[in-house]
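Student: My structure is below; once you've seen it, I'll send some questions.
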Amino acid sequence: MPTISQEYKTALRSVSVDLNNDVSLLIDIPDALCERDKVKFTVHTKTTLSVFQKPEFSVPRQHEDFIWLHDTLVETEEYAGLIIPPAPPKPDFESPREKMHKLGEGEATMTKEEYTKMKQELEAEYLAVFKKTVQVHEVFLQRLSSHPVLSKDRNFQIFLEYDQDLSVRRKMPRRCLVVSSRTWLKSADEVLISGVKEVDDFFEQEKTFLLDYSTKIKDSTTKAERMTRAHKNVADDYIHVAAILNSISAEENTALKKHLDKFSDMFEKLRKVEGRVASDQELKLTELLRYYTRDIQAAKDLLYRRARALDKARLKSKDVAQAEDNQRQCMQKFEKLSESGKKELTSFKGRRVVAFRKNLVEMAELEIKHAKNSVSLLQGCIETLKNC
Amino acid sequence: MERKPPPFPDSEEQEAHSEKAEEESGDDDDDDDDDGGEDIFTGNGARTAPLVLNAQDLFSEEGSYPGVQEPSVDNQHASNGLRSDDDEQDLFAEARVELSLDRSSTKGIREVTRSSPSAPDISYKSSTSKMSFEKPEEEESNDKFELNIAVTHPEKVGDGMNAYMVYKVSTQTTLPMFKSRAFSVRRRFSDFLGLFEKLSEKHAQNGYIVPLPPEKSVVGMTKVKVGKEDTSSTEFVEKRRAALERYLHRVVSHQNLLQDPDVREFLEKDELPRAVSTQTLSGAGFLKMINKASDAVNKMTIKMNESDNWFEEKLQEVENEEQQLRKLHAVVDALVNHRKDLCGNTAVFAKSMAMLGNSEDNTALSRALSQLAEVEDKMEQLHQEQASNDFFIFAELLADYVRLLGGVRNCFDQRIKTWQRWQDAQSTLQKKREVEAKLLWANKPDKLQQAKDEITEWEAKVTQYERDFERICATVRKEVLRFEKEKSNDFKVHIIKYLESLLVSQQRLIKYWEAFLPEAKAIS
């Protein structure tokens, strides 16, 4: 079953800027195992902090453990004024698995070579999904470790250190409740946030911006996904064309044979390039958009929490004394939340811009590189054919 | 500007815009204006540049796809044949007589019979064929002639379900057999089918590979008739126009067919009698007939005793190749569709990206995202054009050859039929001889004379059919070699052209992304 190595991961570090900088707490996922549906991540920590028992240790974790950690952080009232990094999405091998299935069914209709190539392509796709999921889980942990407040969270430390199965701690029923109430809360939040009168210009702007942006970026993500998928289909077609050209050429014995051979060869080479273009686009563009859709959602969550706090702070109560006291407390909470919220949102903005820049630049450079590659391949081939 | 294959109407290049406007106005346009001819032959505009044509040295130019060329139609007979002038002329001298006698007993696949008397046709044909053999003697001096044909300006005539498309067929030539050097006529699709029918009736039975016209399409034509001015009907018309042009090129690149007066008439004559019988016959119909005939041939009781494996092996090769090309065509078809998908998805994505850019509050990033949207817009166009190239350069080539290979199979079947006819005649002769012997015994002098007459008749037939068979064997061999050469050239040219289209596409891609890169770097 596939595992990944360090080099691949460095190449993949795309959607966020380097987070693993602080020597006092370094986290990475050097290894991962895929067993049927479950992915087992090896979370490796290196630290100089005394709060941990050892300076270096590793634990196995499943996706559900990450979700538990995320949800716990979200529910912690102290962190209401922080943007909690979005939870990593569940590993989804559905697409390559389905394609592998279809390939198996269609095996009889293609040549052995064609089948092998398609299988290789699918295995690469499978591996890409795998790499992506590892990366996204790793980034989640690294965002936590580089956050001044969240890195000190007790549950986070338990997550990193506890060498037994975490599921005991996870308390399943509660989680389910949390999930469902969160969905309900979300729609209530939307109403709340649009209705609440904003006192602060900064937050007013942020609210407008985030609401609008989140719809747009979600849309862009979907459209980007479709585009990359279509691109992959074209690359796959090249495989079939090359294969059939090959078999035609095998039976050809005129001067045309050389042409057909070269033509088939060209398709084979081009499809590798096209495949890479599609996957680079996926990684730099689609994945970027995907990640920030989630991140924007996390920022919105912060706004929701703040709105709820404000709402609470404005709530009128019959008992005057209690009400006043309550109100003061809530206002305090609210102000604290707003202050940290402002800081968070500002740094979030900065992070986002940097990440977009990095990825867009890299994507453009890769597109150029691949196209230049194609150009030289094609030129070479055309030259040869003309002199044939 | 190099000639590009006709783009899908959506993404027309600027040059073609005016041309398109011309066509779509649908006015009672040109009928035969020679200035129209000049436009066509100077190769401007994506749609109407003609394919370069040359019977013998088909595409012998260095593989680049020329905008305008002065090719030649070499009227010298194929040198890869196994003939000598004298023999052929001899054959034909006798053929003229015998063939007209035997027309009725020909077991042909021609289910569509012509009402007009066949004998004059045959003799006419023989004489024209003879003409082609005479010419080489005259032209041993290696005169090269020119022949350019273009099919352009599709126009809709009439309304509703009776409407039809008319195409302008323009010819530019120095061949003396034509009345003038440049002329054009208007033809509709059924005219092309009519031409095919006439040619196949006359020549297929002699083992010639008669090119097949494009398919009929009820769906495609209905859309056009009903007046749907959408992309699919314009695509359909363009597809058909290009296919008709290729069809004519193939016809005139075959010297024997070029000499046929029906071809000349098709190109020259102002008004052609409406081909009625084509209501049933088409390329697809013809192929169906071929397949039925093949089956009939396979069921023949007397299996041919091949002294020479060449025919069997060749036929097998042809059948395999046809199968492979079909498969390849299906895959390339899928590629065209996927690229169209990619094109559509890219357009949608570009719009979404533009919206995102508007929504972005960081100025530099907002600008970059808008630029990205523009790049993706340009990519959409690229994909669109590439899909068109995939189709017109690659897919259509394959489709044409799948049909042509069907035609090749047919000429093999014709050979077997000819052999069968000879064998049958031999057995009939044998029976007649037996009858004569019996009569001799029974001593019936009056019947005996009749029997003797019949024997003479059938002896002549046997000789005739044997000659026919030898002739068709020679023709088939020559035809196959000619076909292979033509196919080889055709494929070579198209492969290079297709790769060049991919190359251009990638080069433009580089330009677009290189223009974007500084924008992305400017984000802060």
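If you're wondering about the labels, chains in the structure tokens are A, B, ... by order shown, residues count from 1 in each chain, ligands from 1 in order shown.
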Using only C-alpha atoms, determine which residues lie at most 9 Å from Arg274 (chain B), disregarding the query and same-chain residues fewer than 5 positions distant; provide the list as a list in words.

Tutor: Ser190, Asp191 and Gly194 of chain B

Student: May I have the residues from that selection written out with C-alpha atoms, as a tab-separated table (two decimals), in the first residue's frame?

Tutor:
```tsv
chain	number	residue	atom	x	y	z
B	190	SER	CA	-28.23	15.16	-54.31
B	191	ASP	CA	-26.24	16.23	-57.39
B	194	GLY	CA	-26.04	11.48	-58.46
```

Student: Which residues are near Cys388 (chain A)? Cut-off 12 Å, only C-alpha atoms, ignore same chain within fewer than 2 positions. Put them as a count of residues only.

Tutor: 20

Student: Produce a table with one row for each residue of chain A that has an atom at most 8 Å from any atom of chain B, each row naming the nearest atom pair and its distance in Å at one decimal; use only C-alpha atoms; arrange rows by chain and rising residue number; format as JSON lines.

Tutor:
```
{"residue": "A:Phe209", "atom": "CA", "partner": "B:Ser359", "partner_atom": "CA", "distance": 7.2}
{"residue": "A:Asp212", "atom": "CA", "partner": "B:Ser359", "partner_atom": "CA", "distance": 6.8}
{"residue": "A:Tyr213", "atom": "CA", "partner": "B:Ser359", "partner_atom": "CA", "distance": 5.8}
{"residue": "A:Lys216", "atom": "CA", "partner": "B:Leu356", "partner_atom": "CA", "distance": 5.4}
{"residue": "A:Ile217", "atom": "CA", "partner": "B:Leu356", "partner_atom": "CA", "distance": 6.3}
{"residue": "A:Asp219", "atom": "CA", "partner": "B:Ser352", "partner_atom": "CA", "distance": 6.7}
{"residue": "A:Ser220", "atom": "CA", "partner": "B:Ser352", "partner_atom": "CA", "distance": 5.3}
{"residue": "A:Lys223", "atom": "CA", "partner": "B:Phe349", "partner_atom": "CA", "distance": 5.0}
{"residue": "A:Ala224", "atom": "CA", "partner": "B:Phe349", "partner_atom": "CA", "distance": 6.0}
{"residue": "A:Arg226", "atom": "CA", "partner": "B:Asn345", "partner_atom": "CA", "distance": 6.3}
{"residue": "A:Met227", "atom": "CA", "partner": "B:Asn345", "partner_atom": "CA", "distance": 5.0}
{"residue": "A:Ala230", "atom": "CA", "partner": "B:Leu342", "partner_atom": "CA", "distance": 4.9}
{"residue": "A:His231", "atom": "CA", "partner": "B:Leu342", "partner_atom": "CA", "distance": 6.0}
{"residue": "A:Asn233", "atom": "CA", "partner": "B:His338", "partner_atom": "CA", "distance": 6.4}
{"residue": "A:Val234", "atom": "CA", "partner": "B:His338", "partner_atom": "CA", "distance": 5.7}
{"residue": "A:Asp237", "atom": "CA", "partner": "B:Leu335", "partner_atom": "CA", "distance": 5.7}
{"residue": "A:Tyr238", "atom": "CA", "partner": "B:Leu335", "partner_atom": "CA", "distance": 7.7}
{"residue": "A:His240", "atom": "CA", "partner": "B:Val331", "partner_atom": "CA", "distance": 6.7}
{"residue": "A:Val241", "atom": "CA", "partner": "B:Val331", "partner_atom": "CA", "distance": 6.3}
{"residue": "A:Ile244", "atom": "CA", "partner": "B:Leu328", "partner_atom": "CA", "distance": 6.0}
{"residue": "A:Leu245", "atom": "CA", "partner": "B:Leu328", "partner_atom": "CA", "distance": 7.4}
{"residue": "A:Ser247", "atom": "CA", "partner": "B:Gln324", "partner_atom": "CA", "distance": 8.0}
{"residue": "A:Ile248", "atom": "CA", "partner": "B:Gln324", "partner_atom": "CA", "distance": 6.4}
{"residue": "A:Thr254", "atom": "CA", "partner": "B:Ser488", "partner_atom": "CA", "distance": 7.8}
{"residue": "A:Ala255", "atom": "CA", "partner": "B:Ser488", "partner_atom": "CA", "distance": 7.3}
{"residue": "A:Leu256", "atom": "CA", "partner": "B:Ser488", "partner_atom": "CA", "distance": 5.5}
{"residue": "A:His259", "atom": "CA", "partner": "B:Lys492", "partner_atom": "CA", "distance": 6.6}
{"residue": "A:Phe263", "atom": "CA", "partner": "B:Ile495", "partner_atom": "CA", "distance": 7.1}
{"residue": "A:Val353", "atom": "CA", "partner": "B:Leu365", "partner_atom": "CA", "distance": 6.7}
{"residue": "A:Val354", "atom": "CA", "partner": "B:Ser524", "partner_atom": "CA", "distance": 7.1}
{"residue": "A:Phe356", "atom": "CA", "partner": "B:Leu365", "partner_atom": "CA", "distance": 7.8}
{"residue": "A:Arg357", "atom": "CA", "partner": "B:Ile523", "partner_atom": "CA", "distance": 5.9}
{"residue": "A:Leu360", "atom": "CA", "partner": "B:Ala520", "partner_atom": "CA", "distance": 6.0}
{"residue": "A:Val361", "atom": "CA", "partner": "B:Ala520", "partner_atom": "CA", "distance": 5.4}
{"residue": "A:Ala364", "atom": "CA", "partner": "B:Trp513", "partner_atom": "CA", "distance": 5.7}
{"residue": "A:Glu365", "atom": "CA", "partner": "B:Leu517", "partner_atom": "CA", "distance": 7.3}
{"residue": "A:Glu367", "atom": "CA", "partner": "B:Trp513", "partner_atom": "CA", "distance": 7.0}
{"residue": "A:Ile368", "atom": "CA", "partner": "B:Ile510", "partner_atom": "CA", "distance": 5.3}
{"residue": "A:Ala371", "atom": "CA", "partner": "B:Gln506", "partner_atom": "CA", "distance": 5.6}
{"residue": "A:Lys372", "atom": "CA", "partner": "B:Ile510", "partner_atom": "CA", "distance": 7.1}
{"residue": "A:Ser374", "atom": "CA", "partner": "B:Gln506", "partner_atom": "CA", "distance": 7.0}
{"residue": "A:Val375", "atom": "CA", "partner": "B:Leu503", "partner_atom": "CA", "distance": 5.7}
{"residue": "A:Leu378", "atom": "CA", "partner": "B:Leu503", "partner_atom": "CA", "distance": 6.0}
{"residue": "A:Gln379", "atom": "CA", "partner": "B:Leu503", "partner_atom": "CA", "distance": 7.2}
{"residue": "A:Ile382", "atom": "CA", "partner": "B:Ile496", "partner_atom": "CA", "distance": 6.2}
{"residue": "A:Leu385", "atom": "CA", "partner": "B:Ile496", "partner_atom": "CA", "distance": 7.2}
{"residue": "A:Lys386", "atom": "CA", "partner": "B:Gly63", "partner_atom": "CA", "distance": 6.4}
```

Student: When you look at Lys447 (chain B) with a cut-off of 10 Å (counting only C-alpha atoms), what residues show up, excluding the ones that are within fewer than 5 positions of it in the same chain? I need them as a tab-separated table (two decimals) with N, CA and C atoms, in the first residue's frame.

Tutor:
```
chain	number	residue	atom	x	y	z
B	435	VAL	N	-25.79	-30.96	-74.66
B	435	VAL	CA	-27.05	-30.94	-75.43
B	435	VAL	C	-26.78	-31.32	-76.88
B	436	GLU	N	-25.72	-30.68	-77.41
B	436	GLU	CA	-25.37	-30.95	-78.81
B	436	GLU	C	-25.09	-32.43	-79.02
B	439	LEU	N	-28.21	-34.35	-79.06
B	439	LEU	CA	-28.96	-34.15	-80.31
B	439	LEU	C	-28.35	-34.95	-81.47
B	440	LEU	N	-27.01	-34.98	-81.45
B	440	LEU	CA	-26.33	-35.76	-82.49
B	440	LEU	C	-26.83	-37.20	-82.50
B	452	LYS	N	-25.69	-25.75	-82.14
B	452	LYS	CA	-24.36	-25.31	-82.56
B	452	LYS	C	-24.21	-23.80	-82.44
B	453	ASP	N	-25.29	-23.09	-82.80
B	453	ASP	CA	-25.24	-21.63	-82.68
B	453	ASP	C	-25.01	-21.22	-81.24
```

Student: Within 9 Å of Pro89 (chain A), counting only C-alpha atoms, which residues show up once you throw out same-chain ones fewer than 6 positions away? Write them as an NGL selection string, please.

Tutor: :A and (63 or 67 or 133 or 136-137)

Student: Limited to all heavy atoms, could you put the picked residues into a file as a compact mmCIF listing (two decimals), in the first residue's frame?

Tutor:
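Listing of selection_12.txt after writing:
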```txt
# COMPACT_ATOMS: atom_id res chain seq x y z
N HIS A 63 -8.26 10.07 10.28
CA HIS A 63 -8.92 11.31 9.90
C HIS A 63 -9.90 11.77 10.98
O HIS A 63 -9.97 12.97 11.32
CB HIS A 63 -9.66 11.12 8.57
CG HIS A 63 -10.55 12.25 8.21
ND1 HIS A 63 -10.07 13.47 7.79
CD2 HIS A 63 -11.89 12.37 8.22
CE1 HIS A 63 -11.09 14.29 7.55
NE2 HIS A 63 -12.20 13.64 7.82
N ILE A 67 -10.70 15.50 12.99
CA ILE A 67 -12.01 16.15 13.10
C ILE A 67 -12.36 16.41 14.55
O ILE A 67 -12.86 17.48 14.92
CB ILE A 67 -13.10 15.28 12.43
CG1 ILE A 67 -12.79 15.05 10.96
CG2 ILE A 67 -14.47 15.93 12.58
CD1 ILE A 67 -12.70 16.31 10.14
N THR A 133 -4.25 14.43 0.40
CA THR A 133 -4.92 14.32 1.69
C THR A 133 -3.89 14.39 2.82
O THR A 133 -4.15 14.99 3.86
CB THR A 133 -5.82 13.06 1.75
OG1 THR A 133 -6.65 13.16 2.90
CG2 THR A 133 -5.04 11.79 1.80
N VAL A 136 -2.99 18.06 3.26
CA VAL A 136 -4.02 18.90 3.85
C VAL A 136 -4.16 18.64 5.36
O VAL A 136 -4.44 19.54 6.14
CB VAL A 136 -5.33 18.68 3.04
CG1 VAL A 136 -6.32 17.84 3.77
CG2 VAL A 136 -5.90 19.98 2.59
N HIS A 137 -3.90 17.41 5.75
CA HIS A 137 -3.94 17.11 7.19
C HIS A 137 -2.73 17.72 7.88
O HIS A 137 -2.81 18.23 9.00
CB HIS A 137 -3.96 15.60 7.43
CG HIS A 137 -5.30 14.98 7.19
ND1 HIS A 137 -5.80 14.74 5.93
CD2 HIS A 137 -6.27 14.58 8.05
CE1 HIS A 137 -7.02 14.21 6.03
NE2 HIS A 137 -7.33 14.11 7.30
```

Student: Compile a residue-level contact table for region 174-271 of chain B against region 151-160 of chain B at a cut-off of 12 Å, reporting for every qualifying residue the shortest atom pair and its distance in Å to one decimal, with only C-alpha atoms counted, rows ordered by chain and ascending number, as JSON lines.

Tutor:
```
{"residue": "B:Ser184", "atom": "CA", "partner": "B:Val151", "partner_atom": "CA", "distance": 9.5}
{"residue": "B:Val185", "atom": "CA", "partner": "B:Val151", "partner_atom": "CA", "distance": 9.8}
{"residue": "B:Arg186", "atom": "CA", "partner": "B:Val151", "partner_atom": "CA", "distance": 9.4}
{"residue": "B:Arg187", "atom": "CA", "partner": "B:Val151", "partner_atom": "CA", "distance": 9.3}
{"residue": "B:Arg188", "atom": "CA", "partner": "B:Pro154", "partner_atom": "CA", "distance": 9.2}
{"residue": "B:Phe189", "atom": "CA", "partner": "B:Pro154", "partner_atom": "CA", "distance": 10.6}
{"residue": "B:Phe192", "atom": "CA", "partner": "B:Val151", "partner_atom": "CA", "distance": 11.5}
{"residue": "B:Met221", "atom": "CA", "partner": "B:Lys156", "partner_atom": "CA", "distance": 10.8}
{"residue": "B:Thr222", "atom": "CA", "partner": "B:Gly160", "partner_atom": "CA", "distance": 8.9}
{"residue": "B:Lys223", "atom": "CA", "partner": "B:Gly160", "partner_atom": "CA", "distance": 10.0}
{"residue": "B:Val224", "atom": "CA", "partner": "B:Lys156", "partner_atom": "CA", "distance": 8.2}
{"residue": "B:Lys225", "atom": "CA", "partner": "B:Gly160", "partner_atom": "CA", "distance": 5.5}
{"residue": "B:Val226", "atom": "CA", "partner": "B:Gly160", "partner_atom": "CA", "distance": 5.5}
{"residue": "B:Gly227", "atom": "CA", "partner": "B:Gly160", "partner_atom": "CA", "distance": 7.5}
{"residue": "B:Lys228", "atom": "CA", "partner": "B:Gly160", "partner_atom": "CA", "distance": 10.8}
{"residue": "B:Glu229", "atom": "CA", "partner": "B:Lys156", "partner_atom": "CA", "distance": 11.5}
{"residue": "B:Ser233", "atom": "CA", "partner": "B:Lys156", "partner_atom": "CA", "distance": 11.9}
{"residue": "B:Thr234", "atom": "CA", "partner": "B:Pro154", "partner_atom": "CA", "distance": 10.0}
{"residue": "B:Glu235", "atom": "CA", "partner": "B:Pro154", "partner_atom": "CA", "distance": 11.8}
{"residue": "B:Phe236", "atom": "CA", "partner": "B:Pro154", "partner_atom": "CA", "distance": 11.1}
{"residue": "B:Val237", "atom": "CA", "partner": "B:Pro154", "partner_atom": "CA", "distance": 7.3}
{"residue": "B:Glu238", "atom": "CA", "partner": "B:Pro154", "partner_atom": "CA", "distance": 8.2}
{"residue": "B:Lys239", "atom": "CA", "partner": "B:Pro154", "partner_atom": "CA", "distance": 11.0}
{"residue": "B:Arg240", "atom": "CA", "partner": "B:Pro154", "partner_atom": "CA", "distance": 9.5}
{"residue": "B:Arg241", "atom": "CA", "partner": "B:Val151", "partner_atom": "CA", "distance": 6.4}
{"residue": "B:Ala242", "atom": "CA", "partner": "B:Val151", "partner_atom": "CA", "distance": 7.4}
{"residue": "B:Ala243", "atom": "CA", "partner": "B:Val151", "partner_atom": "CA", "distance": 9.2}
{"residue": "B:Leu244", "atom": "CA", "partner": "B:Val151", "partner_atom": "CA", "distance": 7.0}
{"residue": "B:Glu245", "atom": "CA", "partner": "B:Val151", "partner_atom": "CA", "distance": 5.2}
{"residue": "B:Arg246", "atom": "CA", "partner": "B:Val151", "partner_atom": "CA", "distance": 8.9}
{"residue": "B:Tyr247", "atom": "CA", "partner": "B:Val151", "partner_atom": "CA", "distance": 10.0}
{"residue": "B:Leu248", "atom": "CA", "partner": "B:Val151", "partner_atom": "CA", "distance": 8.6}
{"residue": "B:His249", "atom": "CA", "partner": "B:Val151", "partner_atom": "CA", "distance": 10.0}
{"residue": "B:Leu267", "atom": "CA", "partner": "B:Val151", "partner_atom": "CA", "distance": 10.8}
```

Student: What does the distance between CA of Glu312 (chain B) and CA of Asp424 (chain B) come to in Å, to one decimal place?

Tutor: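 Here the two named atoms are 21.4 Å from each other.
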
Student: Nearest to Asp22 (chain A): which of A:Gln142, A:Leu122, A:Ile84, A:Leu73 is it, counting only C-alpha atoms?

Tutor: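 Of A:Gln142, A:Leu122, A:Ile84, A:Leu73, the one nearest Asp22 (chain A) is A:Gln142, counting only C-alpha atoms.
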
Student: So which bits of region 83-248 of chain A end up helix (DSSP H, G or I) when you DSSP the backbone, as JSON, numbers by chain?

Tutor: {"A": [94, 95, 96, 97, 98, 99, 100, 101, 102, 103, 104, 105, 107, 108, 109, 112, 113, 114, 115, 116, 117, 118, 119, 120, 121, 122, 123, 124, 125, 126, 127, 128, 129, 130, 131, 132, 133, 134, 135, 136, 137, 138, 139, 140, 141, 142, 143, 144, 145, 150, 151, 152, 154, 155, 156, 157, 158, 159, 160, 161, 167, 168, 169, 170, 172, 173, 174, 175, 176, 177, 178, 179, 180, 181, 182, 183, 184, 185, 186, 187, 188, 189, 190, 191, 192, 193, 194, 195, 201, 202, 203, 204, 205, 206, 207, 208, 209, 210, 211, 212, 213, 214, 215, 216, 217, 218, 219, 220, 221, 222, 223, 224, 225, 226, 227, 228, 229, 230, 231, 232, 233, 234, 235, 236, 237, 238, 239, 240, 241, 242, 243, 244, 245, 246, 247, 248]}

Student: Provide the CA of Glu252 (chain A) to CA of Arg326 (chain B) distance in Å, to one decimal place.

Tutor: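 So the answer is 15.8 Å.
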
Student: If we count only C-alpha atoms and set the cut-off at 8 Å, which residues sit around Gln414 (chain B), ignoring sequence neighbours fewer than 5 positions away in its own chain? Please answer as a list in words.

Tutor: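 Close residues of Gln414 (chain B): Ala204, Gln205, Asn206 and Gly207 of chain B.
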
Student: Find the residues near Leu285 (chain A): any atom within 9 Å, counting only C-alpha atoms, skip ones fewer than 2 places away on the same chain, and give them as a CSV table (one decimal) with all heavy atoms, in the first residue's frame.

Tutor:
```csv
chain,number,residue,atom,x,y,z
A,221,THR,N,-14.3,27.2,-7.2
A,221,THR,CA,-13.7,25.9,-7.0
A,221,THR,C,-14.4,24.8,-7.8
A,221,THR,O,-13.7,24.0,-8.4
A,221,THR,CB,-13.8,25.6,-5.5
A,221,THR,OG1,-13.3,26.7,-4.7
A,221,THR,CG2,-13.0,24.3,-5.1
A,224,ALA,N,-13.4,25.2,-11.4
A,224,ALA,CA,-12.0,24.8,-11.6
A,224,ALA,C,-11.9,23.2,-11.6
A,224,ALA,O,-11.2,22.6,-12.4
A,224,ALA,CB,-11.1,25.4,-10.5
A,280,ASP,N,-0.9,19.7,-12.4
A,280,ASP,CA,-0.4,20.9,-11.8
A,280,ASP,C,-1.4,22.0,-11.6
A,280,ASP,O,-1.5,22.7,-10.6
A,280,ASP,CB,0.7,21.5,-12.7
A,280,ASP,CG,2.0,20.7,-12.6
A,280,ASP,OD1,2.2,20.0,-11.5
A,280,ASP,OD2,2.9,20.8,-13.4
A,281,GLN,N,-2.3,22.0,-12.6
A,281,GLN,CA,-3.4,23.0,-12.5
A,281,GLN,C,-4.3,22.6,-11.3
A,281,GLN,O,-4.7,23.5,-10.6
A,281,GLN,CB,-4.3,22.9,-13.8
A,281,GLN,CG,-5.1,24.1,-14.1
A,281,GLN,CD,-5.9,23.9,-15.3
A,281,GLN,OE1,-6.7,23.0,-15.4
A,281,GLN,NE2,-5.6,24.7,-16.3
A,282,GLU,N,-4.5,21.4,-11.1
A,282,GLU,CA,-5.3,20.9,-10.0
A,282,GLU,C,-4.6,21.3,-8.7
A,282,GLU,O,-5.3,21.9,-7.8
A,282,GLU,CB,-5.3,19.3,-10.1
A,282,GLU,CG,-5.7,18.6,-8.8
A,282,GLU,CD,-7.2,18.5,-8.6
A,282,GLU,OE1,-7.9,18.3,-9.6
A,282,GLU,OE2,-7.7,18.6,-7.5
A,283,LEU,N,-3.4,21.1,-8.6
A,283,LEU,CA,-2.7,21.4,-7.4
A,283,LEU,C,-2.6,22.9,-7.1
A,283,LEU,O,-2.8,23.3,-6.0
A,283,LEU,CB,-1.3,20.8,-7.5
A,283,LEU,CG,-0.7,20.2,-6.2
A,283,LEU,CD1,-1.7,19.2,-5.7
A,283,LEU,CD2,0.6,19.5,-6.5
A,287,GLU,N,-6.8,23.3,-6.0
A,287,GLU,CA,-6.5,23.0,-4.6
A,287,GLU,C,-6.5,24.3,-3.8
A,287,GLU,O,-7.0,24.4,-2.7
A,287,GLU,CB,-5.2,22.2,-4.4
A,287,GLU,CG,-5.0,21.6,-3.1
A,287,GLU,CD,-6.1,20.7,-2.6
A,287,GLU,OE1,-6.8,20.1,-3.5
A,287,GLU,OE2,-6.3,20.5,-1.4
A,288,LEU,N,-5.8,25.4,-4.4
A,288,LEU,CA,-5.7,26.7,-3.7
A,288,LEU,C,-7.2,27.2,-3.4
A,288,LEU,O,-7.5,27.6,-2.3
A,288,LEU,CB,-5.0,27.6,-4.7
A,288,LEU,CG,-5.0,29.1,-4.3
A,288,LEU,CD1,-4.0,29.3,-3.1
A,288,LEU,CD2,-4.6,30.0,-5.4
A,289,LEU,N,-8.0,27.1,-4.5
A,289,LEU,CA,-9.3,27.6,-4.3
A,289,LEU,C,-10.1,26.8,-3.3
A,289,LEU,O,-10.8,27.4,-2.5
A,289,LEU,CB,-10.1,27.6,-5.7
A,289,LEU,CG,-9.5,28.6,-6.7
A,289,LEU,CD1,-10.2,28.3,-8.1
A,289,LEU,CD2,-9.8,30.0,-6.3
A,290,ARG,N,-9.9,25.5,-3.3
A,290,ARG,CA,-10.6,24.7,-2.4
A,290,ARG,C,-10.2,25.0,-1.0
A,290,ARG,O,-11.1,25.2,-0.1
A,290,ARG,CB,-10.2,23.2,-2.6
A,290,ARG,CG,-11.3,22.4,-3.2
A,290,ARG,CD,-10.9,20.9,-3.2
A,290,ARG,NE,-11.1,20.4,-4.5
A,290,ARG,CZ,-10.1,19.8,-5.2
A,290,ARG,NH1,-8.9,19.6,-4.8
A,290,ARG,NH2,-10.4,19.3,-6.4
A,356,PHE,N,-2.1,33.2,-2.6
A,356,PHE,CA,-2.5,33.3,-4.0
A,356,PHE,C,-1.4,33.6,-4.9
A,356,PHE,O,-1.2,33.1,-6.0
A,356,PHE,CB,-3.6,34.3,-4.1
A,356,PHE,CG,-5.0,33.8,-4.0
A,356,PHE,CD1,-5.5,33.3,-2.8
A,356,PHE,CD2,-5.8,33.6,-5.1
A,356,PHE,CE1,-6.7,32.8,-2.7
A,356,PHE,CE2,-7.1,33.1,-5.0
A,356,PHE,CZ,-7.6,32.7,-3.8
A,359,ASN,N,0.9,30.7,-5.6
A,359,ASN,CA,0.4,29.6,-6.4
A,359,ASN,C,0.2,30.1,-7.8
A,359,ASN,O,0.4,29.3,-8.8
A,359,ASN,CB,-0.9,29.1,-5.8
A,359,ASN,CG,-0.7,28.2,-4.7
A,359,ASN,OD1,-0.3,27.0,-4.9
A,359,ASN,ND2,-0.8,28.6,-3.5
A,360,LEU,N,-0.3,31.3,-8.0
A,360,LEU,CA,-0.5,31.8,-9.4
A,360,LEU,C,0.8,31.9,-10.1
A,360,LEU,O,0.9,31.5,-11.3
A,360,LEU,CB,-1.3,33.1,-9.3
A,360,LEU,CG,-2.7,33.0,-8.9
A,360,LEU,CD1,-3.4,34.4,-8.8
A,360,LEU,CD2,-3.5,32.1,-9.8
A,363,MET,N,1.9,28.4,-10.9
A,363,MET,CA,1.1,27.8,-12.0
A,363,MET,C,1.5,28.3,-13.3
A,363,MET,O,1.6,27.6,-14.3
A,363,MET,CB,-0.4,28.0,-11.7
A,363,MET,CG,-1.2,27.3,-12.8
A,363,MET,SD,-3.0,27.3,-12.5
A,363,MET,CE,-3.3,29.0,-13.0
```

Student: CA of Arg471 (chain B) and CA of Leu258 (chain B), how far apart in Å?

Tutor: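 Between CA of Leu258 (chain B) and CA of Arg471 (chain B) the gap works out to 20.1 Å.
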